[in-house]
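**Q** Before I ask anything, here is the structure I am working with.
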Amino acid sequence: MNTYVKKSVCPYDCPDACGLLIETDGTNVISVKGDPDHPVTRGLICRKMQNYEKDIHSPERIMTPLKRVGEKGLADSFCPITWDEAIHEICSKWKSIGEQYGFNSIMGYSYAGTMGIIQRKFGEAFFARMGAATTVRTICSSAKGAAIKHVMGHFHDWNASHIPEADVLILWSANPVANRLHAVPYIKQARKNKAKVVLIDVYSHDSASLCDEVILVKPGTDVILMLAMMHVLEKENLIDHTFIEAYTTGYDALREAFRGCTPKYASGICGVPAETIHSLALLYGNASCPLILPGSGMSRYSNGSAAYRHLFALLALTGAWAKGGGTCCVSGSGDHVRSDLVSHPELIDPKARKINMNQLSLALTEDDRIKSLYVFNSNPAVMTPDQQGVSKGLSREDLFLVVHDRFMTDTALYADIILPATFSVEQDDICYSYGNPHLQASWQTIPAPGACKSNLDVFRLLAEGMGFEDDIFRKTAKEMIDGLIDSDEFFLFDITEEQRELIKKGDPITVPQPDVMDFGTPDKKIHLADLPAGYTPVSDQKYPLRMVNSHNPWSLNSNFAYREELMKSRGPLTMKMHPDDARARGIEDGDLCYAYNDYGKITVQIRIIDGILPGTVNASGVYRKAHTFGDGNFNSLCGPNLTDDGEAAALNTQSIEIVRKEE
Ligand SMILES: Nc1nc2c(c(=O)[nH]1)N[C@H]1C(S)=C(S)[C@@H](COP(=O)(O)OP(=O)(O)OC[C@H]3O[C@@H](n4cnc5c(=O)[nH]c(N)nc54)[C@H](O)[C@@H]3O)O[C@H]1N2
Ligand SMILES: Nc1nc2c(c(=O)[nH]1)N[C@H]1C(S)=C(S)[C@@H](COP(=O)(O)OP(=O)(O)OC[C@H]3O[C@@H](n4cnc5c(=O)[nH]c(N)nc54)[C@H](O)[C@@H]3O)O[C@H]1N2
Ligand SMILES: [Mo]
């Protein structure tokens with residue numbers, strides 16, 4: 001067999017955006033390896049991507065457009081149709097819905113199935129041009145983003161390669177072993193260099209093995225821990241007043257919030273012993289290069305944006321940025337390119353109805369409900385909060401649902417028309433990273449199988465069907481990417497001609513490390529207290545346990561759910577709890593239990609672990625229905641509620657109760 005190797009990029013929603021080497025015979029992918037020359041990947045790829053070819057050539061892939069001829073929700077309700085028929089059917093239906101109810105009653109729903117700019121973003125332009133409802137795509141980290149904007153303005157921080165410079169590194173609400181594997185070698189290096197590494201999380205996970213100390217905090221209470229640390233810093237004279245004077249505003253208001261917050265007081269709320277708070281503050285305050293790697297976990301609460309505002313304020317109090325510290329891995333190359341040249345927000349009608357993607361259940365079931373939903377790059381039946389409400393909405397007979405995906409997902413089961421999607425190696429794209437400084441084009445390596453089409457190609461067909469004659473709908477992905485690379489507008493840094501050539505060839509390029517002291521607020525200062533400082537408890541306290549969602553090392557959101565070996569390693573739908581909570585409920589390790597609250601009731605298997613505080617329950621992973629016990633995944637227990645700022649999903653706000661399921 002004659003094979004050759006081509007470069008590609010991992011398209012999934014992970015900050016590492018790995019460089020891949022695809023071995024192919026021209027039709028099939030034979031093997032996938034990490035590119036040893038890629039500055040971030042350095043030859044290492046995760047277990048999921050190691051056998052990517054198994055997904056690409058999965059027998060479960062959808063290969064042709066399908067039309068529903070039977071009941072909603074059943075896999076055998078579909079029959080194959082041609083692309084012409086599918087496009088005609090969709091566009092006629094949309095035109096008639098538009099006429100009858102207005103195009104505002106049509107919604108495009110997408111998130112990060114593929115992260116490539118072209119295949120991810122162009123759909124937004126299509127729906128804006130149509131005059132459809134505007135989807136507010138804030139399911140992930142926008143609470144964190146809003147906090148950063150308030151405190152730091154436009155934001156620069158350190159790359160992972162800077163981690164070995166730190167003498168104190170805090171993994172704060174982060175699990176790099178599971179979610180950003182390529183920071184791990186740098187963390188190990190920092191430890192070899194004698195850095196002290198601390199994990200602050202609500203349970204002890206895979207990354208605990210990288211740490212000298214694990215500090216368990218009660219969910220949604222980090223603000224009080226941070227305020228108590230500030231209190232100690234002031235008491236111990238570890239506040240950098242020169243830095244505060246020169247580079248911040250709002251110190252007095254912040255001080256009001258931390259003045260009375262003693263470690264003893266804070267301990268009663270956050271569950272961290274007062275001595276631990278004290279020693280953590282000393283460790284951090286005395287560091288010569290204190291670095292924090294913050295994940296998004298603690299932002300997914302009704303008080304989650306505030307947690308990040310206080311985190312950045314804490315960093316400012318010791319002048320961390322001026323010491324070569326601060327945060328790392330929060331900003332990436334995505335901040336250095338203009339994706340809006342692909343998504344065309346200027347086409348959005350400012351009067352268009354806005355629908356927050358986290359509140360899809362409401363948009364589908366309330367008065368004035370939307371009449372047609374087009375889902376691509378997403379799988380709302382499993383990943384969107386309020387799973388019961390979303391399912392109810394998707395099962396509506398009068399909802400015209402089109403799903404473009406690679407598999408018969410739980411969402412696709414409800415569709416009227418299903419369109420077969422390509423994999424990343426079957427399409428062209430240009431990819432940034434949301435945690436690392438590299439950019440890379442991902443050129444097609446094998447032909448699309450069957451009748452599969454990329455997102456862009458489907459939107460071009462739909463544009464033709466709708467009669468949109470704008471130039472933007474005429475370009476292929478390759479033409480768009482070439483245009484962006486050659487343009488003067490796309491790159492927000494001084495790209496060299498040599499870099500332009502490299503990126504055209506499919507090689508990665510690195511964005512220069514920006515000046516972390518170049519704060520992005522209008523007055524170039526860190527705003528410590530533009531919004532009121534202080535702790536607000538998580539809003540939902542009705543039930544005695546708090547469920548905290550986390551991402552799973554064996555899957556990526558709902559992706560990779562058709563790979564048997566990965567699903568076997570992930571195991572059944574499991575909640576982890578403290579022995580005291582289990583004992584109080586007569587639960588033993590491995591028991592099947594009901595977890596419930598006002599949103600739903602699901603069956604879960606219980607694992608009892610020591611590395612969690614009483615009252616906290618960990619819920620890891622996004623499961624398809626076939627992998628649950630039949631009555632829903634963790635999103636059945638999540639409501640459509642939003643964070644305090646940034647309109648993100650407040651996934652961890654829900655309280656729950658758990659009872660043993662009697663045989
Ligand atoms: N293998 C794998 N990798 C992934 C993903 C995946 O599904 N699987 N998903 C990708 C996506 S979409 C994202 S957004 C990123 C997410 O990357 P991260 O933001 O790093 O991951 P999360 O799992 O959301 O949260 C990180 C940690 O926050 C903790 N946490 C939750 N609440 C609190 C709290 O109140 N206080 C503190 N201190 N800690 C808390 C959780 O227990 C968890 O360990 O990962 C990406 N990478
Ligand atoms: N309970 C719970 N819920 C969560 C989370 C959690 O940790 N727990 N995490 C939340 C977070 S942080 C995020 S970011 C969201 C993620 O939400 P989404 O980004 O919607 O992620 P997925 O659900 O995995 O959906 C991706 C879908 O896109 C499809 N896809 C992949 N590539 C392509 C392509 O090129 N074209 C098309 N048309 N389709 C493609 C995949 O097959 C898959 O069905 O989920 C959120 N929901
Ligand atoms: Mo995410």
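For the structure tokens, the naming scheme is as follows: chains receive sequential letters (A, B, ...) according to their order of presentation, residues are indexed from 1 within each chain, and ligands are indexed from 1 in presentation order.
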Do you know which residues are at most 9 Å from Tyr12 (chain A) counting only C-alpha atoms, after dropping those on the same chain fewer than 3 positions away, and could you put them as a PDB file with C-alpha atoms, in the first residue's frame?

**A**
ATOM      1  CA  PRO A  15      -7.289  24.783  23.944  1.00  0.00           C
ATOM      2  CA  ALA A  17      -5.461  22.724  18.731  1.00  0.00           C
ATOM      3  CA  ALA A 112     -17.872  24.238  18.653  1.00  0.00           C
ATOM      4  CA  GLY A 113     -18.237  20.856  16.918  1.00  0.00           C
ATOM      5  CA  THR A 114     -15.306  22.014  14.842  1.00  0.00           C
ATOM      6  CA  MET A 115     -13.251  25.004  16.004  1.00  0.00           C
ATOM      7  CA  GLY A 116     -11.880  25.882  12.547  1.00  0.00           C
ATOM      8  CA  LEU A 556     -14.815  15.804  24.400  1.00  0.00           C
ATOM      9  CA  ASN A 559     -17.732  13.919  20.667  1.00  0.00           C
TER      10      ASN A 559
END

**Q** To check your reading of the model: which residues sit at most 8 Å from ligand 1 when counting only C-alpha atoms and all ligand atoms? Write the answer as a VMD selection string.

**A** chain A and resid 13 to 15 48 112 140 to 141 172 to 176 178 to 180 200 to 205 216 to 222 294 to 301 304 548 to 558 618 620 to 622 652

**Q** Expressed in Å to a single decimal, how great is the separation between CA of Ile277 (chain A) and CA of Gly646 (chain A)?

**A**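 That distance, rounded to one decimal, is 29.1 Å.
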
**Q** Can you tell me which residues surround Met226 (chain A) at a distance of at most 10 Å, considering only C-alpha atoms, apart from same-chain residues fewer than 3 positions away, and format the answer as JSON, numbers by chain?

**A** {"A": [221, 222, 223, 229, 230, 231, 232, 258, 261, 263, 266, 277, 281, 307, 310, 311, 313, 314, 534, 535]}

**Q** Pick out each residue of region 562-598 of chain A that DSSP on the backbone tags as strand (DSSP E or B); I need them as a list in words.

**A** Thr574, Met575, Lys576, Met577, Leu592, Cys593, Tyr594, Ala595 and Tyr596 of chain A

**Q** What is the CA of Leu171 (chain A) to CA of Ile269 (chain A) distance in Å?

**A** 20.9 Å
